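Structure below is entry38.cif: mmCIF, C-alpha atoms and all ligand atoms.
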```cif
data_coords
#
loop_
_atom_site.label_atom_id
_atom_site.label_comp_id
_atom_site.auth_asym_id
_atom_site.auth_seq_id
_atom_site.Cartn_x
_atom_site.Cartn_y
_atom_site.Cartn_z
CA MET A 1 -4.20 -9.12 119.74
CA GLN A 2 -0.72 -7.89 118.85
CA ASN A 3 1.15 -10.00 116.31
CA TYR A 4 4.94 -10.21 116.13
CA ASP A 5 7.33 -11.94 113.80
CA ILE A 6 9.22 -13.33 116.77
CA ALA A 7 8.45 -13.61 120.48
CA ILE A 8 11.34 -14.51 122.76
CA ILE A 9 10.44 -15.93 126.16
CA GLY A 10 13.13 -14.95 128.67
CA GLY A 11 15.29 -11.84 128.84
CA GLY A 12 18.51 -13.48 130.00
CA ALA A 13 21.79 -13.80 128.13
CA ALA A 14 20.34 -16.12 125.48
CA GLY A 15 17.10 -14.18 124.94
CA LEU A 16 18.76 -10.76 124.75
CA ALA A 17 21.56 -11.96 122.45
CA CYS A 18 18.95 -13.59 120.22
CA ALA A 19 16.80 -10.43 120.08
CA VAL A 20 19.75 -8.17 119.29
CA ARG A 21 21.13 -10.48 116.60
CA LEU A 22 17.67 -10.85 114.99
CA LYS A 23 17.39 -7.10 114.52
CA GLU A 24 21.01 -6.78 113.42
CA LEU A 25 20.31 -9.34 110.71
CA ASP A 26 16.94 -7.90 109.67
CA LYS A 27 15.82 -4.57 111.09
CA ASN A 28 12.32 -4.99 109.67
CA LEU A 29 11.43 -7.92 111.91
CA SER A 30 9.12 -7.19 114.83
CA VAL A 31 10.62 -8.71 117.97
CA VAL A 32 9.24 -8.85 121.49
CA VAL A 33 11.06 -10.17 124.56
CA ILE A 34 8.87 -11.36 127.44
CA GLU A 35 10.70 -11.20 130.76
CA LYS A 36 9.02 -12.02 134.03
CA GLY A 37 11.52 -10.12 136.18
CA GLU A 38 11.50 -6.38 136.80
CA ARG A 39 14.84 -6.22 134.99
CA ALA A 40 16.34 -8.25 132.17
CA GLY A 41 19.83 -9.77 132.17
CA ARG A 42 20.08 -10.18 135.94
CA LYS A 43 22.13 -13.39 135.89
CA ILE A 44 24.61 -11.94 133.41
CA ALA A 45 25.19 -9.03 135.79
CA ALA A 46 25.69 -11.42 138.73
CA SER A 47 28.10 -13.70 136.90
CA GLY A 48 31.68 -14.18 138.03
CA ASN A 49 30.94 -12.69 141.46
CA GLY A 50 29.61 -9.57 139.78
CA GLN A 51 32.73 -9.24 137.61
CA GLY A 52 31.17 -10.75 134.48
CA ASN A 53 33.08 -13.91 133.58
CA VAL A 54 31.54 -14.09 130.13
CA SER A 55 33.82 -16.53 128.29
CA ASN A 56 37.11 -18.39 128.35
CA VAL A 57 40.26 -18.42 126.26
CA ASP A 58 39.97 -22.22 126.04
CA LEU A 59 36.55 -23.17 124.69
CA GLY A 60 37.49 -26.85 124.25
CA ALA A 61 34.64 -29.32 123.73
CA GLU A 62 35.57 -31.17 126.95
CA HIS A 63 34.17 -28.23 128.93
CA TYR A 64 30.59 -28.93 127.80
CA HIS A 65 28.30 -31.72 129.01
CA GLY A 66 24.82 -33.11 128.40
CA SER A 67 23.11 -34.48 125.31
CA GLY A 68 23.64 -31.12 123.60
CA ALA A 69 27.39 -30.98 124.22
CA TYR A 70 27.94 -31.57 120.52
CA LEU A 71 25.91 -28.43 119.77
CA ALA A 72 28.16 -26.43 122.10
CA GLU A 73 31.15 -27.97 120.39
CA LYS A 74 29.77 -26.98 116.99
CA LEU A 75 28.79 -23.44 117.95
CA CYS A 76 31.25 -22.46 120.74
CA SER A 77 34.37 -24.64 120.57
CA SER A 78 34.66 -24.31 116.80
CA ARG A 79 34.37 -20.52 117.22
CA LEU A 80 31.51 -20.36 114.71
CA TYR A 81 30.31 -17.42 116.81
CA ASN A 82 32.22 -15.03 119.02
CA PRO A 83 30.14 -14.13 122.09
CA LEU A 84 32.30 -11.05 122.74
CA GLU A 85 31.02 -9.58 119.47
CA MET A 86 27.78 -8.78 121.25
CA PHE A 87 29.53 -6.13 123.38
CA ASP A 88 31.14 -2.80 122.63
CA PHE A 89 34.08 -2.76 125.01
CA LEU A 90 37.42 -4.34 125.74
CA PHE A 91 37.92 -7.66 127.48
CA ALA A 92 40.79 -9.12 129.49
CA SER A 93 41.57 -12.66 130.64
CA ASP A 94 43.01 -13.78 133.96
CA ARG A 95 45.65 -16.46 134.59
CA LEU A 96 42.98 -19.19 134.39
CA GLY A 97 41.89 -18.01 130.95
CA ARG A 98 38.60 -16.58 132.23
CA ILE A 99 37.46 -13.63 130.12
CA TYR A 100 35.88 -10.55 131.77
CA PRO A 101 35.03 -7.03 130.62
CA ALA A 102 38.30 -5.13 131.13
CA GLY A 103 36.44 -2.98 133.69
CA LYS A 104 35.49 -6.18 135.60
CA GLN A 105 31.81 -5.27 135.98
CA GLY A 106 29.21 -7.87 135.07
CA SER A 107 26.53 -5.19 134.85
CA ALA A 108 28.43 -3.71 131.88
CA LEU A 109 27.43 -6.85 129.93
CA SER A 110 23.71 -6.56 130.64
CA ASP A 111 23.77 -2.75 130.24
CA CYS A 112 25.33 -3.10 126.81
CA LEU A 113 22.80 -5.66 125.61
CA LEU A 114 19.92 -3.60 126.98
CA ARG A 115 21.24 -0.44 125.29
CA LYS A 116 21.18 -2.35 121.99
CA VAL A 117 17.70 -3.68 122.68
CA GLU A 118 16.46 -0.12 123.08
CA LYS A 119 18.40 1.28 120.12
CA LEU A 120 17.21 -1.47 117.77
CA GLY A 121 13.57 -0.91 118.73
CA ILE A 122 13.05 -4.31 120.32
CA GLU A 123 9.99 -4.41 122.55
CA LEU A 124 10.86 -5.58 126.06
CA LYS A 125 7.89 -6.53 128.25
CA LEU A 126 9.17 -6.60 131.83
CA SER A 127 7.38 -8.03 134.89
CA THR A 128 5.43 -10.24 132.49
CA ALA A 129 5.62 -14.02 132.43
CA ALA A 130 4.53 -16.23 129.56
CA THR A 131 2.19 -18.55 131.44
CA ALA A 132 1.12 -20.68 128.49
CA LEU A 133 2.22 -21.23 124.93
CA GLU A 134 -0.17 -22.55 122.32
CA LYS A 135 0.89 -23.87 118.95
CA GLY A 136 0.43 -21.32 116.25
CA PHE A 137 1.68 -19.35 118.35
CA THR A 138 -0.45 -17.68 121.00
CA LEU A 139 1.29 -16.62 124.19
CA ILE A 140 -0.80 -16.17 127.32
CA LEU A 141 0.75 -13.58 129.59
CA SER A 142 0.63 -13.16 133.37
CA ASP A 143 -0.91 -9.67 133.02
CA GLY A 144 -3.96 -11.26 131.41
CA GLY A 145 -2.89 -10.26 127.91
CA LYS A 146 -2.20 -12.44 124.88
CA LEU A 147 -0.02 -12.00 121.87
CA GLN A 148 0.67 -13.86 118.68
CA ALA A 149 3.98 -14.66 117.04
CA ASN A 150 5.08 -16.48 113.89
CA ARG A 151 8.21 -17.82 115.58
CA VAL A 152 8.92 -18.37 119.27
CA VAL A 153 12.33 -18.69 120.89
CA LEU A 154 12.16 -20.34 124.30
CA ALA A 155 15.10 -18.86 126.24
CA ALA A 156 13.63 -18.93 129.73
CA GLY A 157 16.63 -20.59 131.41
CA GLY A 158 16.80 -23.51 133.81
CA LYS A 159 16.15 -24.05 137.48
CA ALA A 160 19.23 -22.62 139.17
CA GLN A 161 18.71 -19.76 141.66
CA LYS A 162 15.04 -18.97 141.34
CA GLN A 163 15.57 -15.44 142.69
CA PHE A 164 16.69 -14.64 139.12
CA GLY A 165 13.31 -15.76 137.76
CA THR A 166 14.42 -19.27 136.87
CA ASP A 167 12.15 -21.63 138.76
CA GLY A 168 12.00 -24.29 136.05
CA GLY A 169 8.93 -22.76 134.38
CA ALA A 170 10.67 -22.99 131.01
CA TYR A 171 10.48 -26.77 131.19
CA ALA A 172 6.73 -26.64 131.85
CA LEU A 173 6.25 -24.54 128.70
CA ALA A 174 8.38 -26.99 126.68
CA ARG A 175 6.48 -29.97 128.07
CA SER A 176 3.11 -28.36 127.31
CA LEU A 177 4.06 -28.51 123.62
CA GLY A 178 5.12 -32.17 123.70
CA HIS A 179 8.80 -31.87 124.58
CA THR A 180 10.43 -33.97 127.28
CA VAL A 181 12.98 -32.89 129.86
CA THR A 182 15.91 -35.02 131.06
CA PRO A 183 16.47 -35.45 134.81
CA LEU A 184 17.59 -32.12 136.29
CA TYR A 185 20.47 -31.64 138.75
CA PRO A 186 22.08 -28.59 140.32
CA SER A 187 25.62 -28.08 139.03
CA LEU A 188 28.48 -25.69 139.86
CA VAL A 189 27.37 -25.81 143.45
CA GLN A 190 28.77 -26.28 146.96
CA LEU A 191 28.90 -29.91 148.16
CA LYS A 192 27.58 -31.28 151.44
CA CYS A 193 29.95 -33.81 152.98
CA ASP A 194 30.41 -35.92 156.06
CA THR A 195 31.98 -33.15 158.18
CA ARG A 196 33.28 -35.32 161.05
CA HIS A 197 36.89 -34.89 159.98
CA ILE A 198 36.73 -31.21 158.99
CA LYS A 199 34.73 -29.67 161.85
CA THR A 200 37.75 -27.64 163.01
CA LEU A 201 38.48 -26.34 159.52
CA LYS A 202 35.41 -24.14 159.02
CA GLY A 203 36.34 -20.98 157.11
CA ILE A 204 39.80 -22.19 156.01
CA ARG A 205 40.63 -21.80 152.33
CA THR A 206 43.40 -23.87 150.79
CA GLU A 207 44.56 -24.83 147.34
CA CYS A 208 44.48 -28.52 146.50
CA ARG A 209 43.64 -31.09 143.87
CA VAL A 210 40.18 -32.58 144.23
CA THR A 211 39.31 -35.92 142.66
CA ALA A 212 35.75 -37.26 142.68
CA LEU A 213 35.39 -41.06 142.74
CA ASP A 214 32.30 -43.22 142.46
CA LYS A 215 31.55 -46.15 144.78
CA ASP A 216 33.78 -48.45 142.72
CA GLY A 217 36.70 -46.03 142.88
CA LYS A 218 36.28 -44.90 139.28
CA VAL A 219 37.51 -41.33 138.78
CA LEU A 220 34.62 -39.05 137.82
CA GLY A 221 36.73 -35.92 137.49
CA THR A 222 39.64 -33.95 138.88
CA SER A 223 40.14 -30.28 139.46
CA THR A 224 42.77 -28.09 141.08
CA GLY A 225 42.06 -24.83 142.85
CA ASP A 226 40.57 -23.30 145.97
CA VAL A 227 38.69 -25.40 148.49
CA ILE A 228 36.88 -23.67 151.35
CA PHE A 229 35.82 -25.78 154.34
CA THR A 230 32.35 -24.92 155.66
CA ASP A 231 29.93 -26.18 158.29
CA TYR A 232 28.05 -28.23 155.67
CA GLY A 233 31.04 -29.46 153.62
CA VAL A 234 33.15 -27.80 150.96
CA SER A 235 32.94 -24.84 148.64
CA GLY A 236 35.41 -22.97 146.41
CA ASN A 237 36.34 -23.05 142.75
CA ALA A 238 37.75 -26.58 142.71
CA VAL A 239 34.52 -27.85 144.31
CA PHE A 240 32.34 -25.96 141.83
CA TYR A 241 34.19 -27.61 138.96
CA ILE A 242 33.96 -31.07 140.46
CA SER A 243 30.27 -30.73 141.40
CA SER A 244 29.46 -31.02 137.72
CA CYS A 245 30.68 -34.63 137.54
CA CYS A 246 29.07 -35.58 140.88
CA ALA A 247 25.57 -34.54 139.77
CA GLY A 248 23.25 -37.54 139.77
CA VAL A 249 25.89 -40.01 141.02
CA GLU A 250 25.32 -41.77 144.36
CA ASN A 251 28.00 -42.48 146.97
CA VAL A 252 30.65 -40.11 145.65
CA THR A 253 33.90 -39.68 147.57
CA LEU A 254 36.14 -36.64 147.24
CA SER A 255 39.86 -37.18 147.58
CA LEU A 256 41.68 -33.98 148.53
CA GLU A 257 45.36 -33.85 147.70
CA PHE A 258 47.15 -31.17 149.71
CA LEU A 259 50.68 -30.01 148.80
CA THR A 260 50.34 -31.04 145.16
CA ASP A 261 53.86 -29.81 144.27
CA ILE A 262 55.64 -31.77 147.00
CA PRO A 263 56.24 -35.51 146.50
CA GLN A 264 54.82 -37.88 149.13
CA GLU A 265 58.33 -39.14 150.09
CA ARG A 266 59.49 -35.60 150.93
CA ILE A 267 56.47 -35.09 153.17
CA ALA A 268 57.21 -38.41 154.91
CA ALA A 269 60.86 -37.35 155.37
CA ASP A 270 59.74 -34.00 156.83
CA VAL A 271 57.47 -35.79 159.34
CA GLU A 272 60.27 -38.21 160.15
CA SER A 273 62.68 -35.38 160.91
CA LYS A 274 60.10 -33.66 163.17
CA LEU A 275 59.56 -36.95 165.00
CA ALA A 276 63.32 -37.20 165.55
CA LYS A 277 63.29 -33.66 166.97
CA GLY A 278 60.60 -34.62 169.49
CA TYR A 279 57.61 -32.76 168.02
CA PRO A 280 54.28 -33.86 169.55
CA GLN A 281 52.13 -35.99 167.25
CA SER A 282 49.60 -33.23 166.56
CA GLU A 283 52.37 -30.91 165.29
CA LEU A 284 54.07 -33.27 162.87
CA LEU A 285 52.85 -31.31 159.85
CA CYS A 286 53.16 -27.85 161.38
CA GLY A 287 54.58 -25.30 158.97
CA THR A 288 54.39 -27.74 156.07
CA LEU A 289 50.59 -27.67 155.93
CA HIS A 290 48.19 -25.06 157.33
CA ASN A 291 48.38 -25.96 161.04
CA GLN A 292 44.70 -26.77 161.47
CA ILE A 293 44.61 -28.85 158.29
CA GLY A 294 47.77 -30.63 159.44
CA ARG A 295 46.20 -31.48 162.78
CA ALA A 296 43.02 -32.71 161.06
CA VAL A 297 45.13 -34.98 158.82
CA ILE A 298 46.98 -36.44 161.82
CA ARG A 299 43.77 -36.94 163.83
CA ARG A 300 42.44 -38.79 160.81
CA CYS A 301 45.50 -41.11 160.69
CA ASP A 302 45.62 -41.55 164.45
CA SER A 303 49.26 -42.51 163.95
CA SER A 304 52.75 -40.99 163.98
CA ASP A 305 53.87 -43.16 161.11
CA PRO A 306 55.43 -40.74 158.56
CA ARG A 307 54.31 -42.78 155.53
CA THR A 308 50.70 -43.02 156.74
CA ILE A 309 50.62 -39.28 157.43
CA ALA A 310 52.17 -38.43 154.04
CA ARG A 311 49.68 -40.76 152.31
CA THR A 312 46.76 -39.01 154.01
CA VAL A 313 48.11 -35.58 153.02
CA LYS A 314 47.86 -36.85 149.44
CA ASN A 315 44.49 -38.55 149.88
CA PHE A 316 42.23 -36.90 152.46
CA THR A 317 38.82 -38.37 151.69
CA LEU A 318 35.36 -36.91 152.30
CA ALA A 319 32.07 -38.70 151.64
CA VAL A 320 29.71 -36.51 149.58
CA GLU A 321 26.17 -36.36 150.99
CA GLY A 322 24.60 -34.09 148.38
CA SER A 323 24.79 -30.47 147.35
CA LEU A 324 23.28 -27.19 148.47
CA GLY A 325 20.79 -27.65 145.65
CA PHE A 326 19.24 -25.48 142.95
CA ASP A 327 18.96 -22.40 145.19
CA TYR A 328 22.76 -22.17 145.24
CA ALA A 329 23.72 -23.75 141.91
CA GLN A 330 25.05 -21.62 139.07
CA VAL A 331 23.63 -23.86 136.39
CA THR A 332 21.20 -26.70 135.73
CA LYS A 333 22.47 -30.03 134.46
CA GLY A 334 19.81 -31.46 132.16
CA GLY A 335 16.99 -29.87 130.18
CA VAL A 336 15.25 -30.29 126.85
CA PRO A 337 17.23 -33.09 125.15
CA ALA A 338 19.27 -32.26 122.09
CA SER A 339 17.56 -35.13 120.26
CA GLU A 340 14.42 -32.96 120.17
CA VAL A 341 16.04 -30.04 118.33
CA ASP A 342 17.83 -29.87 115.01
CA ASP A 343 21.15 -28.18 114.25
CA ARG A 344 19.35 -24.87 113.85
CA LEU A 345 18.02 -25.22 117.43
CA GLN A 346 14.53 -25.61 116.00
CA SER A 347 12.16 -28.02 117.69
CA LYS A 348 11.68 -31.31 115.87
CA ILE A 349 8.26 -31.55 117.51
CA VAL A 350 6.80 -28.06 116.97
CA PRO A 351 7.86 -26.28 113.78
CA ASP A 352 8.91 -22.63 114.24
CA LEU A 353 9.70 -23.12 117.93
CA TYR A 354 13.38 -22.54 118.73
CA PHE A 355 15.41 -23.00 121.92
CA ALA A 356 18.43 -21.14 123.27
CA GLY A 357 20.49 -21.19 126.46
CA GLU A 358 20.24 -23.16 129.66
CA VAL A 359 16.75 -24.56 128.94
CA LEU A 360 18.49 -27.07 126.64
CA ASP A 361 20.38 -30.05 128.01
CA VAL A 362 23.80 -28.38 127.80
CA ASP A 363 25.86 -27.36 130.79
CA GLY A 364 29.37 -26.04 130.91
CA ASP A 365 32.21 -26.00 133.38
CA CYS A 366 32.84 -23.12 135.72
CA GLY A 367 34.80 -20.37 133.97
CA GLY A 368 32.61 -18.55 131.44
CA TYR A 369 31.34 -21.60 129.54
CA ASN A 370 27.67 -21.23 130.44
CA LEU A 371 27.36 -17.59 129.44
CA THR A 372 29.23 -18.39 126.24
CA TRP A 373 26.71 -21.13 125.46
CA ALA A 374 23.75 -18.87 126.31
CA LEU A 375 25.00 -16.01 124.11
CA VAL A 376 26.16 -18.15 121.22
CA SER A 377 23.03 -20.34 121.14
CA GLY A 378 20.95 -17.12 121.19
CA MET A 379 22.94 -15.78 118.22
CA HIS A 380 22.55 -19.08 116.37
CA ALA A 381 18.81 -19.30 117.02
CA ALA A 382 18.49 -15.75 115.65
CA LYS A 383 20.32 -16.68 112.46
CA SER A 384 18.17 -19.80 112.05
CA VAL A 385 14.96 -17.81 112.52
CA VAL A 386 16.00 -15.19 109.95
CA ASN A 387 16.94 -17.97 107.50
CA SER A 388 13.55 -19.61 108.08
CA PHE A 389 11.75 -16.40 107.04
CA ASN A 390 13.91 -16.16 103.93
CA THR A 391 13.03 -19.78 103.03
CA ASP A 392 9.31 -18.99 103.50
CA ASP A 393 9.52 -16.22 100.84
C1 LIG B 401 25.12 -16.40 140.70
C2 LIG B 401 25.47 -16.93 139.33
C3 LIG B 401 26.75 -16.71 138.84
C4 LIG B 401 27.10 -17.21 137.59
N1 LIG B 401 28.35 -16.97 137.11
C5 LIG B 401 28.67 -17.38 135.87
C6 LIG B 401 29.94 -17.07 135.32
O1 LIG B 401 30.77 -16.44 135.96
N2 LIG B 401 30.20 -17.48 134.04
C7 LIG B 401 29.28 -18.18 133.30
O2 LIG B 401 29.55 -18.52 132.14
N3 LIG B 401 28.07 -18.50 133.80
C8 LIG B 401 27.76 -18.10 135.05
N4 LIG B 401 26.53 -18.42 135.56
C9 LIG B 401 25.58 -19.19 134.71
C10 LIG B 401 24.99 -18.29 133.63
O3 LIG B 401 24.68 -17.03 134.20
C11 LIG B 401 23.72 -18.92 133.04
O4 LIG B 401 24.01 -20.22 132.58
C12 LIG B 401 23.19 -18.10 131.87
O5 LIG B 401 22.94 -16.77 132.29
C13 LIG B 401 21.91 -18.72 131.32
O6 LIG B 401 21.38 -17.83 130.38
P1 LIG B 401 19.89 -18.05 129.83
O7 LIG B 401 19.61 -16.83 129.02
O8 LIG B 401 19.77 -19.37 129.20
O9 LIG B 401 18.99 -18.08 131.11
P2 LIG B 401 18.80 -16.97 132.24
O10 LIG B 401 19.91 -16.01 132.26
O11 LIG B 401 18.51 -17.73 133.45
O12 LIG B 401 17.54 -16.15 131.74
C14 LIG B 401 16.25 -16.71 131.67
C15 LIG B 401 15.27 -15.58 131.87
O13 LIG B 401 13.98 -16.07 131.60
C16 LIG B 401 13.07 -15.47 132.50
N5 LIG B 401 11.88 -16.34 132.56
C17 LIG B 401 11.78 -17.58 133.08
N6 LIG B 401 10.55 -18.07 132.88
C18 LIG B 401 9.86 -17.12 132.21
C19 LIG B 401 8.54 -17.03 131.70
N7 LIG B 401 7.67 -18.04 131.83
N8 LIG B 401 8.15 -15.89 131.07
C20 LIG B 401 9.03 -14.86 130.93
N9 LIG B 401 10.29 -14.89 131.38
C21 LIG B 401 10.71 -16.01 132.00
C22 LIG B 401 13.83 -15.38 133.80
O14 LIG B 401 13.30 -14.37 134.63
C23 LIG B 401 15.25 -15.07 133.31
O15 LIG B 401 15.50 -13.68 133.29
C24 LIG B 401 26.15 -17.94 136.82
C25 LIG B 401 24.87 -18.14 137.33
C26 LIG B 401 24.53 -17.66 138.56
C27 LIG B 401 23.15 -17.91 139.08
#
```

Can you turn what I pasted into C-alpha cells?
Amino acid sequence: MQNYDIAIIGGGAAGLACAVRLKELDKNLSVVVIEKGERAGRKIAASGNGQGNVSNVDLGAEHYHGSGAYLAEKLCSSRLYNPLEMFDFLFASDRLGRIYPAGKQGSALSDCLLRKVEKLGIELKLSTAATALEKGFTLILSDGGKLQANRVVLAAGGKAQKQFGTDGGAYALARSLGHTVTPLYPSLVQLKCDTRHIKTLKGIRTECRVTALDKDGKVLGTSTGDVIFTDYGVSGNAVFYISSCCAGVENVTLSLEFLTDIPQERIAADVESKLAKGYPQSELLCGTLHNQIGRAVIRRCDSSDPRTIARTVKNFTLAVEGSLGFDYAQVTKGGVPASEVDDRLQSKIVPDLYFAGEVLDVDGDCGGYNLTWALVSGMHAAKSVVNSFNTDD
C-alpha cells in the first residue's frame, strides 16, 4: 500500500490551494490529492458566471456566517493570507468590489492551480473517490485501492450542486470519524415565493432593495441589487445575498422597495398629478416604474389612492415558500462545527485530521467570499500540517 505524508480528499479550491502551499513550504513532503471528478477545480472555473469572482475588496467579518465565522475573520478579514497569492496573473475589481482575474475567465484560476500541482510533483488521482477513512490513516478508494497517509486534509466541499461532485459525501466521512454536522441549508440560491402578485412579471429584471423579515417583522437582512421575477419566485444578485439570512427560517417575507432613490412623497405626488390628468388607474405609475411592475403594484393596492400606491412601491411584499434547493445553491450553510476544530483547523476529535473549505460550518456572502474562504483555509491547513511535522521532529 502506498504511503504519503499527506492525503487531501477533494480537488476543489481548498484542496488544491492546500496541496500547492504544502509543497511550496516543504518540497520534500509527499502529497496526494484524491478527486472523484474527472477534472479538479470545476467549481472554481464555474464561479462568478464563469468569470472567476475569487475574492472581494471588502473582506469584512460581517460577510461570513456560521459557527466558524470567527475563523474566517481571523484568516480572511484580517488578511493573514492573501488568496490572490496563489495565482500568477493580474486581477481587477468591479464597482461592487468583486475581484476577478483581469482576463475575466474563471478557468484561468483552476488552470493556474493545476499547473502548479503538476510542476510541484503533487500526485492527483482523478475519477477516484475516498469512500472510507479509517483512523491512522487508511483511505479506501472507489477504484478498490487503498492508501495510507500520516495526515489527512478533508476538503471535499459541501452539498451544493452535486454535478460538481459535492453530494454531501464529505460529511459522511467526517461523521464516520466521530464528527458531527450542523443542520445543512442551501444558500446563495433563488427563492420560491407566492407568485400570485408577480405572475405577469416573469423575466423582468429590476433594481431594488430587498429586506427579509421573519414572522414577527424582525429584519433578517437587507440587500440592494438586481431582482429577476421568475415563474417560481425571484432570482438575481439581491435575492442571492438575502437567501443567506432566510436559510432555516420559517415564514419569511420579502419586502421589495422599488425606486429606492425617490422619496415616497414624490411618488405619491406623481400619482396624484397623473390622476388629475385623467390617467386610468392601471397607468398611474407608467413611466415612473417599469410599466408591468407599476401595474402589478396597482393591482395589489386595488386603489387609486396616491399614498397607498406610493407605500406599496416602497413595500411590495412576497411570502417566501422555500428555495430552489441544493441543486441550485452556490454554497452550503452549515457543516462540521467550528467547535470541533482548533485554530489550526485540526480536528479536536481525531489528531492529524485537518479540514478546509466548505465542509466546515462557514459560509460567506455572494461576491467572492466563499472562494476566499476555501483558498485561505486550504493555505492555513497546509501551514498547520507543515508545522505539525516540524513539531514531531
Ligand atoms: C455555480 C457556482 C458558482 C459559484 N460562484 C462563486 C463566486 O463567484 N465566488 C465565490 O466566492 N464562490 C462561488 N461559489 C462557491 C465556491 O465555488 C465554493 O464555496 C468553493 O469552491 C468551495 O471550495 P471547496 O474546495 O471547499 O469545495 P469544492 O470546490 O466543492 O471541492 C470539493 C471537491 O471534493 C470532491 N469530492 C467530494 N467528495 C469526495 C470524495 N469522497 N472523494 C474525493 N473527492 C471528493 C468534489 O468532486 C469536489 O471537486 C460558486 C459555487 C457554484 C456551485

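Nearest to ligand LIG 401 (chain B) of all the residues A:Gly97, A:Gly158, A:Gly217, A:Pro183 is A:Gly158, counting all atoms listed in the file.
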
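Look at region 69-80 of chain A: the protein and nucleic acid residues within 9 Å of it, using only C-alpha atoms and passing over chain neighbours fewer than 3 places away, are Asp58, Leu59, Gly60, Ala61, Glu62, His63, Tyr64, His65, Gly66, Pro83, Ala338, Asp343, Leu345, Asp361, Val362, Asp363, Gly364, Tyr369, Thr372, Trp373, Val376, Ser377 and His380 of chain A.
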
Atom pair CA of Val271 (chain A) + CA of Thr222 (chain A), distance 27.2 Å

For region 254-258 of chain A: contacts at 8 Å, all atoms listed in the file, fewer than 6 positions along chain excluded, given as a ChimeraX atom specification: /A:207-213,289,313-320

Residue contacts of region 164-179 of chain A (10 Å, only C-alpha atoms) excluding same-chain residues fewer than 4 positions away, as a PyMOL selection string: chain A and resi 9-12+35-43+46+129-135+154-160+184+326-327+332+335-337+340-341+347-350+353+355+358-360

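Of the residues under consideration (A:Leu191, A:Met1, A:Leu139, A:Cys301), A:Leu139 shows the shortest atom-to-atom contact distance to ligand LIG 401 (chain B) when counting all atoms listed in the file.
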
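When all atoms listed in the file are used to measure the gap to Gly334 (chain A), the shortest distance among A:Lys146, A:Met86, A:Thr180, A:Val189 belongs to A:Thr180.
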
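Coordinates place CA of Arg196 (chain A) at a distance of 28.6 Å from CA of Gly278 (chain A).
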
Contacts of Ala92 (chain A) within 12 Å, all atoms listed in the file, excl. fewer than 5 positions in-chain, as a short mmCIF file (atom, residue, chain, number, x, y, z; two decimals) with C-alpha atoms, in the frame of the given file:
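The new file part_35.cif reads:
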```
data_model
loop_
_atom_site.label_atom_id
_atom_site.label_comp_id
_atom_site.auth_asym_id
_atom_site.auth_seq_id
_atom_site.Cartn_x
_atom_site.Cartn_y
_atom_site.Cartn_z
CA GLN A 51 32.73 -9.24 137.61
CA GLY A 52 31.17 -10.75 134.48
CA ASN A 53 33.08 -13.91 133.58
CA VAL A 54 31.54 -14.09 130.13
CA SER A 55 33.82 -16.53 128.29
CA ASN A 56 37.11 -18.39 128.35
CA VAL A 57 40.26 -18.42 126.26
CA LEU A 84 32.30 -11.05 122.74
CA GLY A 97 41.89 -18.01 130.95
CA ARG A 98 38.60 -16.58 132.23
CA ILE A 99 37.46 -13.63 130.12
CA TYR A 100 35.88 -10.55 131.77
CA PRO A 101 35.03 -7.03 130.62
CA ALA A 102 38.30 -5.13 131.13
CA GLY A 103 36.44 -2.98 133.69
CA LYS A 104 35.49 -6.18 135.60
CA GLN A 105 31.81 -5.27 135.98
#
```

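Across the model, the gap from CA of Gln292 (chain A) to CA of Arg311 (chain A) is 17.4 Å.
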
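Restricting the calculation to all atoms listed in the file, the smallest distance between ligand LIG 401 (chain B) and any of A:Val117, A:Ala108, A:Ala13, A:Ile267 is found for A:Ala13.
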
Counting only C-alpha atoms, the option among A:Ser93, A:Ile6, A:Lys333, A:Val32 closest to Thr182 (chain A): A:Lys333

Using all atoms listed in the file, which of A:Ser235, A:Asn150, A:Ser223, A:Gln163 sits nearest ligand LIG 401 (chain B)? A:Gln163

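These residues, each with an atom at most 10 Å from (20.9, -23.3, 110.6) using only C-alpha atoms, are Asp342, Asp343, Arg344, Leu345, Gln346, His380, Ala381, Ala382, Lys383, Ser384, Val385, Val386, Asn387 and Ser388 of chain A.
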